[in-house]
>>> print(open('upload07.tsv').read())   # TSV, C-alpha atoms
chain	number	residue	atom	x	y	z
A	701	MET	CA	-6.45	-12.72	24.19
A	702	LYS	CA	-6.42	-9.71	26.49
A	703	SER	CA	-3.46	-7.54	25.52
A	704	LEU	CA	-1.78	-6.54	22.26
A	705	LEU	CA	1.40	-4.63	21.50
A	706	LEU	CA	1.42	-2.57	18.30
A	707	VAL	CA	4.91	-1.91	16.93
A	708	THR	CA	4.84	0.84	14.34
A	709	THR	CA	7.20	3.16	12.48
A	710	SER	CA	4.66	5.98	12.24
A	711	TYR	CA	2.56	7.48	15.01
A	712	PRO	CA	1.35	11.08	15.48
A	713	VAL	CA	3.24	13.28	17.92
A	714	ARG	CA	2.06	16.80	17.17
A	715	GLY	CA	0.87	17.61	13.63
A	716	GLU	CA	-1.26	14.57	12.86
A	717	GLY	CA	-1.39	15.49	9.17
A	718	GLU	CA	2.36	14.85	8.95
A	719	ALA	CA	2.13	11.37	10.40
A	720	ALA	CA	1.04	9.68	7.15
A	721	ALA	CA	-0.09	6.17	8.18
A	722	GLY	CA	0.37	7.17	11.83
A	723	THR	CA	-3.06	8.78	12.14
A	724	PHE	CA	-4.61	5.51	11.03
A	725	VAL	CA	-2.51	3.58	13.59
A	726	ARG	CA	-3.82	5.78	16.39
A	727	ASP	CA	-7.45	5.32	15.32
A	728	PHE	CA	-6.91	1.58	14.87
A	729	ALA	CA	-5.40	1.29	18.35
A	730	HIS	CA	-8.43	3.00	19.87
A	731	ALA	CA	-10.75	0.76	17.84
A	732	LEU	CA	-8.94	-2.29	19.25
A	733	ARG	CA	-9.40	-0.87	22.72
A	734	ARG	CA	-13.15	-0.61	22.08
A	735	GLU	CA	-13.00	-4.30	21.14
A	736	GLY	CA	-11.87	-5.06	24.69
A	737	LEU	CA	-8.09	-5.33	24.23
A	738	ALA	CA	-5.48	-3.62	26.38
A	739	VAL	CA	-3.31	-1.91	23.78
A	740	SER	CA	0.32	-0.81	24.08
A	741	LEU	CA	2.38	0.89	21.37
A	742	ALA	CA	6.04	1.29	20.50
A	743	ALA	CA	6.79	4.08	18.03
A	744	PRO	CA	9.71	6.33	16.99
A	745	ALA	CA	9.89	9.98	17.99
A	746	GLU	CA	12.31	12.88	18.18
A	747	ARG	CA	12.13	12.77	21.99
A	748	PRO	CA	11.77	9.59	24.08
A	749	SER	CA	8.81	9.15	26.44
A	750	GLU	CA	6.52	6.50	27.85
A	751	GLY	CA	3.19	6.44	29.64
A	752	GLU	CA	-0.56	6.65	29.21
A	753	GLU	CA	-1.93	8.61	26.26
A	754	GLN	CA	-5.73	8.65	26.02
A	755	GLY	CA	-6.08	5.14	27.40
A	756	LEU	CA	-3.15	3.68	25.46
A	757	TRP	CA	0.29	2.92	26.89
A	758	VAL	CA	2.81	4.41	24.47
A	759	LYS	CA	6.58	4.06	24.49
A	760	ARG	CA	8.26	6.50	22.12
A	761	PHE	CA	11.89	5.71	21.34
A	762	LYS	CA	14.32	8.32	20.08
A	763	VAL	CA	15.49	8.12	16.45
A	764	PRO	CA	17.87	10.46	14.60
A	765	ARG	CA	15.43	11.39	11.84
A	766	LEU	CA	11.74	11.36	10.98
A	767	PRO	CA	9.88	10.22	8.97
A	768	LEU	CA	11.64	6.85	8.71
A	769	SER	CA	10.27	6.39	5.18
A	770	LEU	CA	12.84	8.90	3.92
A	771	LEU	CA	15.77	6.70	5.05
A	772	LYS	CA	17.12	4.74	2.08
A	773	PRO	CA	19.12	1.51	2.58
A	774	LEU	CA	20.92	2.07	-0.74
A	775	ARG	CA	22.12	5.54	0.29
A	776	PRO	CA	25.40	5.29	2.29
A	777	THR	CA	24.81	8.65	3.98
A	778	ASP	CA	21.73	7.13	5.66
A	779	TRP	CA	23.46	4.04	7.03
A	780	ALA	CA	24.38	5.54	10.42
A	781	ALA	CA	20.82	6.81	10.97
A	782	ILE	CA	19.37	3.45	9.88
A	783	TYR	CA	21.64	1.55	12.29
A	784	GLN	CA	20.70	3.85	15.19
A	785	THR	CA	17.01	3.50	14.34
A	786	LEU	CA	17.14	-0.29	14.13
A	787	SER	CA	18.99	-0.52	17.43
A	788	ALA	CA	16.65	1.89	19.22
A	789	GLY	CA	13.56	0.11	17.93
A	790	ALA	CA	14.78	-3.34	18.95
A	791	GLN	CA	15.64	-2.13	22.46
A	792	ALA	CA	12.29	-0.35	22.85
A	793	VAL	CA	10.24	-3.40	21.82
A	794	ASP	CA	12.28	-5.64	24.13
A	795	ARG	CA	11.77	-3.19	27.00
A	796	ILE	CA	8.02	-2.87	26.50
A	797	CYS	CA	7.64	-6.66	26.37
A	798	GLN	CA	9.48	-6.86	29.71
A	799	GLN	CA	7.21	-4.24	31.23
A	800	ARG	CA	3.83	-5.08	29.72
A	801	ARG	CA	4.03	-8.79	28.82
A	802	PRO	CA	1.54	-8.59	25.93
A	803	ASP	CA	-0.21	-11.71	24.67
A	804	HIS	CA	0.68	-10.94	21.05
A	805	ILE	CA	2.59	-8.41	18.92
A	806	LEU	CA	1.25	-6.82	15.74
A	807	ALA	CA	3.91	-5.24	13.54
A	808	LEU	CA	2.87	-2.26	11.47
A	809	TRP	CA	4.59	-2.68	9.06
A	810	ALA	CA	6.61	-5.71	7.87
A	811	LEU	CA	10.03	-3.99	8.09
A	812	PRO	CA	11.56	-2.94	10.36
A	813	SER	CA	8.65	-3.40	12.80
A	814	GLY	CA	8.25	-7.07	11.90
A	815	ALA	CA	11.92	-7.76	12.59
A	816	TRP	CA	11.67	-6.10	16.01
A	817	ALA	CA	8.49	-8.07	16.77
A	818	ARG	CA	10.04	-11.39	15.70
A	819	ALA	CA	13.09	-10.90	17.93
A	820	ALA	CA	11.02	-9.99	20.99
A	821	ALA	CA	8.45	-12.75	20.37
A	822	LYS	CA	11.22	-15.36	20.33
A	823	ILE	CA	12.70	-14.12	23.59
A	824	TYR	CA	9.41	-13.85	25.50
A	825	GLY	CA	7.59	-16.84	24.03
A	826	MET	CA	4.70	-15.07	22.32
A	827	GLY	CA	3.37	-14.86	18.79
A	828	TYR	CA	3.65	-11.96	16.37
A	829	SER	CA	1.79	-10.97	13.22
A	830	THR	CA	2.61	-8.57	10.40
A	831	TRP	CA	0.56	-6.04	8.48
A	832	ALA	CA	2.25	-5.09	5.21
A	833	LEU	CA	2.09	-1.89	3.20
A	834	GLY	CA	3.01	-1.53	-0.44
A	835	SER	CA	6.27	0.18	0.54
A	836	ASP	CA	7.30	-2.99	2.40
A	837	ILE	CA	6.78	-5.39	-0.45
A	838	TRP	CA	7.13	-3.29	-3.59
A	839	THR	CA	10.07	-1.15	-2.47
A	840	LEU	CA	12.12	-3.00	0.17
A	841	GLY	CA	11.21	-6.31	-1.45
A	842	LYS	CA	13.13	-5.32	-4.58
A	843	ILE	CA	16.45	-5.16	-2.70
A	844	PRO	CA	17.96	-8.71	-2.96
A	845	LEU	CA	19.32	-9.09	0.58
A	846	LEU	CA	16.32	-7.38	2.16
A	847	ARG	CA	13.92	-9.48	0.10
A	848	HIS	CA	15.19	-12.71	1.64
A	849	TYR	CA	15.10	-11.22	5.14
A	850	LEU	CA	11.63	-9.80	4.56
A	851	GLY	CA	10.43	-13.22	3.41
A	852	SER	CA	11.67	-14.88	6.57
A	853	VAL	CA	10.01	-12.27	8.81
A	854	LEU	CA	6.70	-12.80	7.01
A	855	GLN	CA	7.04	-16.59	6.96
A	856	ASN	CA	7.59	-16.88	10.71
A	857	ALA	CA	4.62	-14.68	11.64
A	858	THR	CA	1.52	-16.26	13.15
A	859	HIS	CA	-0.71	-14.27	10.79
A	860	ARG	CA	0.01	-12.06	7.80
A	861	PHE	CA	-2.17	-9.14	6.75
A	862	ALA	CA	-1.89	-6.63	3.90
A	863	ASP	CA	-3.84	-3.47	3.14
A	864	GLY	CA	-4.55	-4.42	-0.48
A	865	TYR	CA	-5.78	-7.42	-2.48
A	866	GLN	CA	-2.85	-7.58	-4.90
A	867	LEU	CA	-0.48	-6.81	-2.03
A	868	ALA	CA	-1.86	-9.77	-0.07
A	869	ALA	CA	-1.18	-12.03	-3.07
A	870	ASP	CA	2.38	-10.67	-3.30
A	871	VAL	CA	2.94	-11.32	0.42
A	872	GLU	CA	1.74	-14.90	-0.06
A	873	ALA	CA	4.20	-15.38	-2.93
A	874	LEU	CA	7.04	-13.98	-0.84
A	875	ALA	CA	6.23	-15.86	2.39
A	876	GLY	CA	4.84	-19.08	0.96
A	877	LYS	CA	1.96	-18.79	3.43
A	878	PRO	CA	-1.54	-17.24	3.41
A	879	CYS	CA	-2.05	-13.50	3.82
A	880	ALA	CA	-5.41	-11.87	4.58
A	881	PHE	CA	-6.63	-8.53	3.25
A	882	LEU	CA	-7.21	-5.97	6.02
A	883	PRO	CA	-8.00	-2.41	4.91
A	884	SER	CA	-6.21	0.50	6.57
A	885	SER	CA	-8.59	3.37	7.26
A	886	ARG	CA	-8.93	6.05	9.87
A	887	ASP	CA	-12.02	7.15	11.77
A	888	PHE	CA	-13.25	9.96	9.54
A	889	GLY	CA	-16.09	10.90	11.88
A	890	ASP	CA	-19.75	11.65	11.28
A	891	PRO	CA	-21.23	12.05	7.79
A	892	LEU	CA	-20.42	15.39	6.16
A	893	PRO	CA	-23.24	17.95	5.86
A	894	ARG	CA	-22.65	18.91	2.21
A	895	ARG	CA	-23.37	16.56	-0.67
A	896	PRO	CA	-21.04	16.74	-3.68
A	897	ARG	CA	-22.26	18.49	-6.81
A	898	GLU	CA	-23.61	16.35	-9.61
A	899	THR	CA	-23.00	18.90	-12.38
A	900	PRO	CA	-20.09	21.27	-13.15
A	901	PRO	CA	-18.32	23.44	-12.19
A	902	TYR	CA	-16.63	21.02	-9.79
A	903	ARG	CA	-14.22	21.38	-6.90
A	904	LEU	CA	-11.21	19.04	-6.89
A	905	ALA	CA	-8.89	18.19	-3.98
A	906	PHE	CA	-5.65	16.31	-3.30
A	907	LEU	CA	-4.55	15.45	0.24
A	908	GLY	CA	-1.45	13.40	0.95
A	909	ARG	CA	2.32	13.14	0.92
A	910	TRP	CA	4.15	15.12	-1.72
A	911	HIS	CA	6.22	12.10	-2.70
A	912	PRO	CA	6.93	10.55	-6.13
A	913	ASN	CA	4.98	7.39	-5.19
A	914	LYS	CA	1.87	9.51	-4.62
A	915	GLY	CA	2.20	11.14	-8.05
A	916	ILE	CA	1.80	14.73	-6.90
A	917	ASP	CA	4.31	15.86	-9.55
A	918	LEU	CA	2.25	14.09	-12.23
A	919	LEU	CA	-0.85	15.88	-10.97
A	920	ILE	CA	0.80	19.30	-11.20
A	921	GLU	CA	1.92	18.58	-14.76
A	922	ALA	CA	-1.53	17.25	-15.63
A	923	LEU	CA	-3.17	20.45	-14.43
A	924	LYS	CA	-0.84	22.41	-16.73
A	925	LEU	CA	-2.08	20.32	-19.66
A	926	LEU	CA	-5.78	21.05	-19.12
A	927	ASP	CA	-7.29	23.34	-21.75
A	928	ASP	CA	-9.56	26.34	-21.20
A	929	GLU	CA	-12.70	24.30	-21.88
A	930	THR	CA	-11.83	21.84	-19.11
A	931	TRP	CA	-10.93	24.61	-16.67
A	932	ALA	CA	-14.35	26.16	-17.34
A	933	HIS	CA	-15.80	23.07	-15.64
A	934	ILE	CA	-13.54	23.44	-12.57
A	935	GLU	CA	-14.34	25.95	-9.84
A	936	MET	CA	-11.13	25.33	-7.87
A	937	VAL	CA	-8.37	22.80	-7.21
A	938	ARG	CA	-6.99	22.59	-3.67
A	939	ILE	CA	-3.78	20.66	-2.93
A	940	HIS	CA	-2.78	19.92	0.66
A	941	GLY	CA	0.04	17.95	2.24
A	942	GLY	CA	3.82	18.14	2.34
A	943	GLY	CA	6.95	16.14	1.74
A	944	PRO	CA	10.13	15.87	-0.33
A	945	LEU	CA	8.56	17.35	-3.50
A	946	GLU	CA	7.44	20.53	-1.74
A	947	GLN	CA	9.57	22.83	-3.88
A	948	GLU	CA	8.23	21.32	-7.12
A	949	VAL	CA	4.63	21.44	-5.89
A	950	ARG	CA	4.76	25.06	-4.75
A	951	HIS	CA	6.66	26.19	-7.85
A	952	GLY	CA	4.16	24.39	-10.11
A	953	GLY	CA	1.21	25.79	-8.19
A	954	HIS	CA	2.61	29.30	-8.48
A	955	ALA	CA	3.02	28.87	-12.25
A	956	LEU	CA	-0.61	27.75	-12.57
A	957	GLU	CA	-1.79	30.72	-10.50
A	958	LYS	CA	0.17	33.09	-12.75
A	959	ALA	CA	-1.56	31.51	-15.73
A	960	GLY	CA	-4.90	32.40	-14.16
A	961	ARG	CA	-5.87	28.91	-13.07
A	962	PRO	CA	-7.98	28.54	-9.89
A	963	ILE	CA	-5.63	26.59	-7.64
A	964	GLN	CA	-4.68	26.77	-3.95
A	965	ILE	CA	-1.64	25.08	-2.38
A	966	GLY	CA	-1.82	24.41	1.36
A	967	GLY	CA	0.04	22.42	3.99
A	968	TYR	CA	-0.73	19.39	6.13
A	969	LEU	CA	-4.21	19.05	7.61
A	970	ASP	CA	-5.38	17.49	10.85
A	971	LEU	CA	-8.63	15.53	10.89
A	972	ALA	CA	-10.78	18.64	11.28
A	973	GLY	CA	-8.99	20.25	8.34
A	974	ALA	CA	-9.36	17.10	6.24
A	975	ARG	CA	-13.08	16.98	6.98
A	976	GLU	CA	-13.42	20.61	5.93
A	977	LEU	CA	-11.55	19.93	2.69
A	978	PHE	CA	-13.63	16.85	1.88
A	979	ASN	CA	-16.86	18.66	2.74
A	980	TRP	CA	-15.79	21.38	0.28
A	981	THR	CA	-14.70	19.13	-2.60
A	982	ASP	CA	-16.68	17.23	-5.21
A	983	PHE	CA	-13.88	14.89	-6.34
A	984	VAL	CA	-10.83	13.46	-4.53
A	985	LEU	CA	-7.72	13.17	-6.72
A	986	ILE	CA	-5.52	10.06	-6.31
A	987	PRO	CA	-2.69	10.32	-8.93
A	988	SER	CA	-0.43	7.62	-7.43
A	989	ARG	CA	2.36	5.85	-9.31
A	990	ILE	CA	2.35	2.88	-6.93
A	991	GLU	CA	-0.38	1.99	-4.47
A	992	SER	CA	-2.35	-0.76	-2.81
A	993	ILE	CA	-5.42	0.88	-1.26
A	994	PRO	CA	-4.48	4.29	0.17
A	995	VAL	CA	-6.03	5.61	3.37
A	996	ILE	CA	-7.18	8.63	1.37
A	997	PHE	CA	-9.42	6.29	-0.65
A	998	SER	CA	-11.19	5.12	2.50
A	999	ASP	CA	-11.45	8.79	3.59
A	1000	ALA	CA	-13.15	9.56	0.29
A	1001	MET	CA	-15.60	6.67	0.70
A	1002	GLN	CA	-16.46	7.67	4.27
A	1003	ALA	CA	-16.92	11.27	3.07
A	1004	CYS	CA	-19.12	10.03	0.19
A	1005	ARG	CA	-16.84	11.68	-2.38
A	1006	PRO	CA	-16.09	10.12	-5.78
A	1007	VAL	CA	-12.45	9.74	-6.79
A	1008	ILE	CA	-10.41	10.41	-9.92
A	1009	ALA	CA	-7.64	7.82	-9.61
A	1010	THR	CA	-4.81	6.31	-11.60
A	1011	PRO	CA	-5.13	2.62	-12.59
A	1012	VAL	CA	-2.60	1.22	-10.09
A	1013	GLY	CA	-2.76	-1.48	-7.43
A	1014	ASP	CA	-6.31	-2.28	-6.35
A	1015	LEU	CA	-7.78	1.05	-7.44
A	1016	PRO	CA	-9.14	-0.26	-10.78
A	1017	ARG	CA	-10.83	-3.17	-9.01
A	1018	LEU	CA	-12.34	-0.88	-6.37
A	1019	VAL	CA	-13.43	1.95	-8.65
A	1020	ASN	CA	-15.03	-0.43	-11.14
A	1021	SER	CA	-16.71	-2.73	-8.61
A	1022	LEU	CA	-17.89	0.02	-6.25
A	1023	LYS	CA	-18.73	2.48	-9.07
A	1024	CYS	CA	-17.19	5.21	-6.93
A	1025	GLY	CA	-15.48	7.46	-9.44
A	1026	HIS	CA	-13.29	7.58	-12.53
A	1027	LEU	CA	-10.01	5.98	-13.59
A	1028	THR	CA	-7.44	7.87	-15.63
A	1029	GLU	CA	-6.14	6.38	-18.87
A	1030	ALA	CA	-2.56	5.94	-17.68
A	1031	VAL	CA	-0.12	6.77	-14.89
A	1032	THR	CA	1.20	9.79	-16.77
A	1033	ALA	CA	0.54	13.51	-16.69
A	1034	ALA	CA	-1.26	13.25	-20.02
A	1035	GLY	CA	-3.32	10.27	-18.85
A	1036	ILE	CA	-4.32	12.06	-15.64
A	1037	ALA	CA	-5.22	15.22	-17.59
A	1038	THR	CA	-7.49	13.20	-19.89
A	1039	GLY	CA	-9.09	11.50	-16.90
A	1040	ILE	CA	-9.81	14.81	-15.17
A	1041	SER	CA	-11.23	16.28	-18.38
A	1042	ARG	CA	-13.62	13.38	-18.89
A	1043	ALA	CA	-14.73	13.43	-15.24
A	1044	VAL	CA	-15.52	17.16	-15.04
A	1045	GLU	CA	-17.13	17.59	-18.45
A	1046	ARG	CA	-20.16	15.52	-17.52
A	1047	SER	CA	-22.46	14.70	-14.62
A	1048	ALA	CA	-20.61	13.11	-11.70
A	1049	GLY	CA	-22.75	9.99	-12.08
A	1050	THR	CA	-22.00	8.62	-8.59
A	1051	SER	CA	-24.81	8.72	-6.04
A	1052	ALA	CA	-24.36	9.33	-2.34
A	1053	THR	CA	-26.16	6.01	-1.68
A	1054	VAL	CA	-23.58	4.10	-3.73
A	1055	LEU	CA	-20.70	5.82	-1.93
A	1056	ALA	CA	-22.24	5.25	1.50
A	1057	GLU	CA	-22.52	1.55	0.71
A	1058	ALA	CA	-18.88	1.50	-0.45
A	1059	ALA	CA	-17.80	3.11	2.83
A	1060	LYS	CA	-19.00	0.11	4.87
A	1061	GLY	CA	-15.97	-1.93	3.82
A	1062	PHE	CA	-13.53	0.72	5.03
A	1063	GLN	CA	-14.55	1.28	8.65
A	1064	VAL	CA	-11.70	1.18	11.16
A	1065	GLN	CA	-13.87	-0.56	13.77
A	1066	THR	CA	-14.65	-3.35	11.30
A	1067	ALA	CA	-10.91	-3.86	10.67
A	1068	ALA	CA	-10.21	-3.96	14.42
A	1069	ARG	CA	-12.94	-6.54	14.98
A	1070	THR	CA	-11.62	-8.67	12.13
A	1071	LEU	CA	-8.11	-8.62	13.58
A	1072	ARG	CA	-9.29	-9.51	17.09
A	1073	ASN	CA	-11.39	-12.41	15.80
A	1074	THR	CA	-8.49	-13.71	13.72
A	1075	LEU	CA	-6.02	-13.57	16.60
A	1076	GLU	CA	-8.49	-15.30	18.94
A	1077	SER	CA	-9.42	-18.08	16.51
>>> encode(input="upload07.tsv", output="structure tokens")
Amino acid sequence: MKSLLLVTTSYPVRGEGEAAAGTFVRDFAHALRREGLAVSLAAPAERPSEGEEQGLWVKRFKVPRLPLSLLKPLRPTDWAAIYQTLSAGAQAVDRICQQRRPDHILALWALPSGAWARAAAKIYGMGYSTWALGSDIWTLGKIPLLRHYLGSVLQNATHRFADGYQLAADVEALAGKPCAFLPSSRDFGDPLPRRPRETPPYRLAFLGRWHPNKGIDLLIEALKLLDDETWAHIEMVRIHGGGPLEQEVRHGGHALEKAGRPIQIGGYLDLAGARELFNWTDFVLIPSRIESIPVIFSDAMQACRPVIATPVGDLPRLVNSLKCGHLTEAVTAAGIATGISRAVERSAGTSATVLAEAAKGFQVQTAARTLRNTLES
């Protein structure tokens, strides 16, 4: 295999911190290129364009609204935008297959990218594979008509991948065919100069989408529940990101500041900003309601930072097996508050050596090599 087309619904245009999974897609594409593949991409954008971008051939097709994750099939007001997006994506993938004639198509993620890939693969006589996220299977898969369609897209793929262990099992159940685990992680760069503290007071950080699935509202409420004794063990909490819960996050942060709590609310961060934040922090907060293995977890491992995470998806398995942090009692504000209290009121108990070893399983180049070997087998 010499050439691969990546079809994705998220790819950075300007502010890479706003691209969610898109930053990972960019790093993964470059990792595939280092594995010797000619890589093309099709991705949505506010303005259409096509051409070389840092050694990758990228076709950006115009869509009415970004990010696509905010479009809801069950919301009638979104139907026109969804139809326009589906049409634009299908045309773009068909066009790029005409122009580039790739050997294979990899859809990131199962829907709608997988549907676009399947249609083009049938026309041009090539194979396609899918890489599923939790939002594909656990959100779209709950809608009856979409569930059947999703199953057929997965079933007809040459290979199926998922970015979590439980998610891979759920894909297998839906498709009736094997699905391999492939972690999604970005290239976090060289090791950070500062080692995390092993005794309090600690610095805590959240970085991610301000979306209900990511539990940012639970985190804000949990911070309000912490008592003075717990706060005495916390030097500062920094929260960065953006999204549909921005008003709630900023209002909650302001209330905590007025109460005298050491908290800072910031916006999206590019890679340099994320590295600065992780170099500063001692714990990475992952308060998700629903999750497989988030990219922020792999960031934390590469940064050698322990996590305080809710017991969802594969996080219990990873935290317990890798000994890389603490699990909260429950996916509730009270459960998260208890988890934070227990973590900060004692020695961190996670060595840099353990975290560095854990990071080896979440290297983007390793994932790219695994994919190439699978497609060539």
>>> closest_residue(input="upload07.tsv", among="A:Arg860, A:Ser749, A:Gly755, A:Gln784", to="Arg734 of chain A", atoms="all atoms listed in the file")
A:Gly755
>>> residues_around(input="upload07.tsv", residues="Arg1046 of chain A", least_positions_apart="4", cutoff="8 Å", atoms="all atoms listed in the file", output="PyMOL selection string")
chain A and resi 899-900+1042
>>> atom_distance(input="upload07.tsv", atom1="atom CA of Ile993 of chain A", atom2="atom CA of Lys1023 of chain A")
15.5 Å
>>> closest_residue(input="upload07.tsv", among="A:Pro712, A:Gly834, A:Gly941, A:Gly789", to="Trp809 of chain A", atoms="all atoms listed in the file")
A:Gly834
>>> closest_residue(input="upload07.tsv", among="A:Lys822, A:Arg1005, A:Arg801, A:Arg760", to="Gly1025 of chain A", atoms="all atoms listed in the file")
A:Arg1005
>>> closest_atom_pairs(input="upload07.tsv", of="segment 757-864 of chain A", to="segment 902-913 of chain A", cutoff="12 Å", atoms="only C-alpha atoms", output="Markdown table")
| residue | atom | partner | partner_atom | distance |
| --- | --- | --- | --- | --- |
| A:Pro767 | CA | A:Arg909 | CA | 11.4 |
| A:Ser769 | CA | A:His911 | CA | 10.5 |
| A:Leu770 | CA | A:His911 | CA | 9.9 |
| A:Gly834 | CA | A:Asn913 | CA | 10.3 |
| A:Ser835 | CA | A:Asn913 | CA | 9.3 |
| A:Trp838 | CA | A:Asn913 | CA | 11.0 |
| A:Thr839 | CA | A:Asn913 | CA | 10.3 |
>>> write_last_selection(input="upload07.tsv", atoms="C-alpha atoms", output="short mmCIF file (atom, residue, chain, number, x, y, z; two decimals), in the coordinates of the input")
data_model
loop_
_atom_site.label_atom_id
_atom_site.label_comp_id
_atom_site.auth_asym_id
_atom_site.auth_seq_id
_atom_site.Cartn_x
_atom_site.Cartn_y
_atom_site.Cartn_z
CA PRO A 767 9.88 10.22 8.97
CA SER A 769 10.27 6.39 5.18
CA LEU A 770 12.84 8.90 3.92
CA GLY A 834 3.01 -1.53 -0.44
CA SER A 835 6.27 0.18 0.54
CA TRP A 838 7.13 -3.29 -3.59
CA THR A 839 10.07 -1.15 -2.47
#
>>> residues_around(input="upload07.tsv", residues="segment 851-859 of chain A", least_positions_apart="4", cutoff="7 Å", atoms="all atoms listed in the file", output="JSON, numbers by chain")
{"A": [814, 815, 818, 827, 828, 829, 830, 847, 874, 875, 876, 877]}
>>> closest_residue(input="upload07.tsv", among="A:Ser1077, A:Asn979, A:Gln798, A:Ser813", to="Ser710 of chain A", atoms="only C-alpha atoms")
A:Ser813
